[in-house]
Amino acid sequence: MLWVVTVFVGSGLLFVAQPMIAKMLLPRLGGAPAVWTASVLFFQAVLLAGYGYAHWLGRRRPGTQIAIHAVLVLLPLGLAPFRLIDGAPVVGFVPALWLFEALLLAVGAPFFVLSAGAPLLQKWLSRTRGPAARNPYFLYAASNAGSLLALFAYPILLEPAIGLERQRALWAWGYFAYTVLALACAAHAWRDRLESAEPEGKSPEGADAAPPSAGRRSLWMALSAAPASLMLGVTSILTADVAAVPFVWVLTLGLYLVTFVLAFASRALVPPGLAARFLPMAAVVFMLLLMTKATEPLAVVLPAHLAAFFVAALACHTELARLRPHPSHLTTYYSLIGLGGAIGGAFNALAAPVLFEDWSEAPLAFVVACLLVPRALPVGSGGKKKRKQPAPAAIRRSDVAIPVVLGLATLLLAKIGDFLGASGQARELLATGIPVLLTYLASARRFRFGLAVGAVLWAGSLDTALRGRDLLTDRSFFGIHRVTLTTSPSDGDPVAFHQLYHGTTLHGAQRVEADGTMPVEPREPLAYYAPTSPIGRVFRPHGSSSTGSPPRQRVGLVGLGAGSLFAYAEPGERWSVFEIDPRVQRIAEDGRYFSYLPEARRRGAEIEVILGDARLTLRSAAEPFDLLVLDAFTGGAIPVHLLTREAFDLYENKLRPDGLLALHISNRHLDLAPLVRAMAKDAGLAAVIEDGPPDPAAAATQKLGSRWAFLARTEGALRARGLSPGGAPASENLGRVWTDDQSDLWSLFQW
């Protein structure tokens, strides 16, 4: 029991710290989903280092092992509770490298100790004289169970109830408790006279103690790398349109750990081969989600993504557990599992942003999983007769030819659908349903099936009819930006638009010539910013006066997007734009895509784009604003640190006495209105929330519905802008006040 409790507590500490430290880092990097991907890569690298240390230490004399590890466990006590380095990445610095440095200095030492604990304690247990020494792998299941419990306890229990400072303090006490338990295990091993010789004999699965072959070692790494990469890839897809917060992260990482628990349990909790048999069906679901670009309804799309990922990860980990070696090679086995996980994480965090323009790493990892998992596995145990594992069949020509044909057929069916003028369900049936069904029929042979999945997904990625023709795709640390050309029907000739997407969230649109060559109407803002929208009505009365000369104003804008609001910029006005992603600035300033910003500068407006996180760069603004617009909350990965009490104090300090704060809170998945009302009441500000209905012909005009919140020091300042404070009382539907130390997105989700 002591061994189980120690491993359970150590893994719990390790995995409760992951979402906690990542949340602490989000404000420094603008709430980007890639913060989680890069953080997981760091955790996997430290895990690999811990496994390597356990492998090295396990070859030393028993007394040396215990002495060295006892000292190492005590060292991080002097660093607790962990703290982050001050500041944030400077402009031009690689965010991922800064993130690795911050994590290493904050939690590198305790993470290393905790990572080494599970494999080292299993190694010690396997070399004692107790009955559990014959199969110590059950501790791995206990380790993952502790990790799983910690992950789900964080967003449900810890995050809503306890601030970050108290969380850090409790974690430090938890590490102290782990230190006591680890030293007790060392004393127990010493009293039990830890054997210096490796145990002989066979494992319960019948594998002998001979060193594993190079092929077997490579297979261990591959079976570990594929689900690790898939976990991060699916997380990136979900957080691009849901939210970059611990709740979403732990869903994928939690399911990832569940698969380890099920695969390595001392008693079979899932029949062997079950996940492999369901893998083709999971592939069908995954392919349909990606090829149709499905994002709604969230209550269906989110579980479907998670279910497909779960089956693929369980299939890989079940095969990994089936191939586990004799306990004498335990630390080698875990070291290679750790290396595989690190390779998968490095591929997503470092290689994928360079190699791919979209989230291609997720389908690629799924294809690899299909290639690795055999279709037939030994079934039954405990007296049941086992079916012999068939020898791998040679690769046939048809295993390559059929996937090629399916990929070409996918492209052809999409063209046929366009030629016939098919739309909606009919086109999806042709371009998606038929190819996916044919892929499922090819699932009898794993090599053929894996290549077929890859070919059809690749061909489907070339079909851009669902979103328009891509003019530009640009991926950065902060996400994927895509400029598309879309033609909408109208009463006369078709109308063409350029649209800017971040993931699947629209960040601006502009009407262009019919051939899409040049934006037109630089003073006609569309999407959420049309003259009939709430923000349009705020700008419009300000832009007129009795003398015919519009008054000049000082405007601050957080979130550049396509630059739509610059349609309202007047000559002589000074605008300061706070944008975290340099790629967005390049798109908005490129007149081939959007002309709002270049044309505003030609009219004489003074526009300065300041790169960096808004909380940090706003502090440097010397002159207060007449109007401060926050347009950073339409996507799923909202920057939580821009909605806290400390943030609102900063906004108020940067406004003139009669200044106006405008927040764009249109969001598909989060109801931000109660939170904004609560923050306004807490700050003593007058507030009104206005909804702008969409144009009845929105498909042809691109004038969309939107929701805006407006705050000022007095109700008179609101009325001066044409707003009616009585329209939506700020005292109703109050949410919980957020601070930098404590926030809770869970309560704002709209399922």
# chains A, B, ... in the order shown; residues from 1 in each chain; ligands from 1
call {"tool": "select_by_dssp", "arguments": {"residues": "region 506-642 of chain A", "states": "strand (DSSP E)", "output": "PyMOL selection string"}}
result
chain A and resi 506-512+554-558+574-579+606-611+625-630
call {"tool": "residues_around", "arguments": {"residues": "Val284 (chain A)", "least_positions_apart": "3", "cutoff": "9 Å", "atoms": "only C-alpha atoms", "output": "list in words"}}
result
Leu279, Pro280, Met281, Met287, Leu288, Leu289, Ala308, Val436, Leu437, Thr439, Tyr440 and Val453 of chain A
call {"tool": "atom_distance", "arguments": {"atom1": "CA of Leu408 (chain A)", "atom2": "CA of Phe447 (chain A)"}}
result
18.3 Å
call {"tool": "residues_around", "arguments": {"residues": "region 310-321 of chain A", "least_positions_apart": "5", "cutoff": "7 Å", "atoms": "only C-alpha atoms", "output": "ChimeraX atom specification"}}
result
/A:220,223,227,255-256,259-260,263-264,275-276,278-279,282,369,373
call {"tool": "write_last_selection", "arguments": {"atoms": "C-alpha atoms", "output": "PDB file, in the first residue's frame"}}
result
ATOM      1  CA  TRP A 220       7.565   0.877 -28.255  1.00  0.00           C
ATOM      2  CA  LEU A 223       3.249   3.272 -30.133  1.00  0.00           C
ATOM      3  CA  PRO A 227      -1.120   8.874 -29.296  1.00  0.00           C
ATOM      4  CA  LEU A 255      -8.602  10.540 -21.670  1.00  0.00           C
ATOM      5  CA  TYR A 256      -5.000   9.929 -22.690  1.00  0.00           C
ATOM      6  CA  THR A 259      -6.089   4.677 -21.830  1.00  0.00           C
ATOM      7  CA  PHE A 260      -2.890   4.015 -19.890  1.00  0.00           C
ATOM      8  CA  ALA A 263      -4.064  -0.840 -20.796  1.00  0.00           C
ATOM      9  CA  PHE A 264      -1.758  -1.446 -17.821  1.00  0.00           C
ATOM     10  CA  ALA A 275      -9.995  -1.026 -29.233  1.00  0.00           C
ATOM     11  CA  ALA A 276      -8.313  -2.369 -32.380  1.00  0.00           C
ATOM     12  CA  PHE A 278     -13.287  -0.270 -33.036  1.00  0.00           C
ATOM     13  CA  LEU A 279     -10.429   1.709 -34.582  1.00  0.00           C
ATOM     14  CA  ALA A 282     -13.253   5.791 -34.844  1.00  0.00           C
ATOM     15  CA  ALA A 369      -1.958   4.802 -35.230  1.00  0.00           C
ATOM     16  CA  VAL A 373      -2.212  -1.372 -34.525  1.00  0.00           C
TER      17      VAL A 373
END
call {"tool": "atom_distance", "arguments": {"atom1": "CA of Pro694 (chain A)", "atom2": "CA of Glu521 (chain A)"}}
result
19.9 Å
call {"tool": "select_by_dssp", "arguments": {"residues": "region 472-680 of chain A", "states": "alpha helix (DSSP H)", "output": "ChimeraX atom specification"}}
result
/A:534-542,582-589,596-602,614-617,645-653,673-680
call {"tool": "write_last_selection", "arguments": {"atoms": "C-alpha atoms", "output": "compact mmCIF listing (two decimals), in the first residue's frame"}}
result
# COMPACT_ATOMS: atom_id res chain seq x y z
CA PRO A 534 -23.69 48.60 -31.89
CA ILE A 535 -20.07 49.67 -32.42
CA GLY A 536 -21.03 51.29 -35.75
CA ARG A 537 -23.71 53.37 -34.03
CA VAL A 538 -21.13 54.49 -31.46
CA PHE A 539 -18.71 55.70 -34.13
CA ARG A 540 -21.32 57.22 -36.44
CA PRO A 541 -22.69 59.99 -34.19
CA HIS A 542 -19.18 60.83 -33.07
CA PRO A 582 2.92 39.93 -36.09
CA ARG A 583 1.27 37.76 -38.78
CA VAL A 584 -2.05 39.54 -38.23
CA GLN A 585 -0.37 42.91 -38.67
CA ARG A 586 1.14 41.82 -41.99
CA ILE A 587 -2.25 40.63 -43.26
CA ALA A 588 -4.11 43.80 -42.24
CA GLU A 589 -1.46 46.05 -43.80
CA TYR A 596 -9.14 49.34 -44.31
CA LEU A 597 -5.80 50.08 -42.63
CA PRO A 598 -3.84 51.35 -45.67
CA GLU A 599 -6.73 53.59 -46.76
CA ALA A 600 -7.13 55.06 -43.25
CA ARG A 601 -3.47 56.04 -43.29
CA ARG A 602 -3.90 57.62 -46.74
CA ALA A 614 -2.23 44.10 -24.40
CA ARG A 615 -1.93 43.98 -20.59
CA LEU A 616 1.77 44.76 -20.89
CA THR A 617 1.77 47.18 -23.84
CA ARG A 645 -10.33 43.14 -11.99
CA GLU A 646 -6.72 44.17 -12.49
CA ALA A 647 -7.29 44.49 -16.24
CA PHE A 648 -10.37 46.69 -15.78
CA ASP A 649 -8.43 48.91 -13.38
CA LEU A 650 -5.87 49.38 -16.16
CA TYR A 651 -8.56 50.21 -18.74
CA GLU A 652 -10.16 52.78 -16.46
CA ASN A 653 -6.79 54.44 -15.84
CA ALA A 673 -22.39 39.25 -20.55
CA PRO A 674 -22.86 38.24 -16.85
CA LEU A 675 -19.13 38.50 -16.28
CA VAL A 676 -18.89 41.97 -17.85
CA ARG A 677 -21.84 43.17 -15.79
CA ALA A 678 -20.17 41.90 -12.64
CA MET A 679 -16.87 43.53 -13.54
CA ALA A 680 -18.62 46.83 -14.26
call {"tool": "atom_distance", "arguments": {"atom1": "CA of Gly341 (chain A)", "atom2": "CA of Thr295 (chain A)"}}
result
28.3 Å
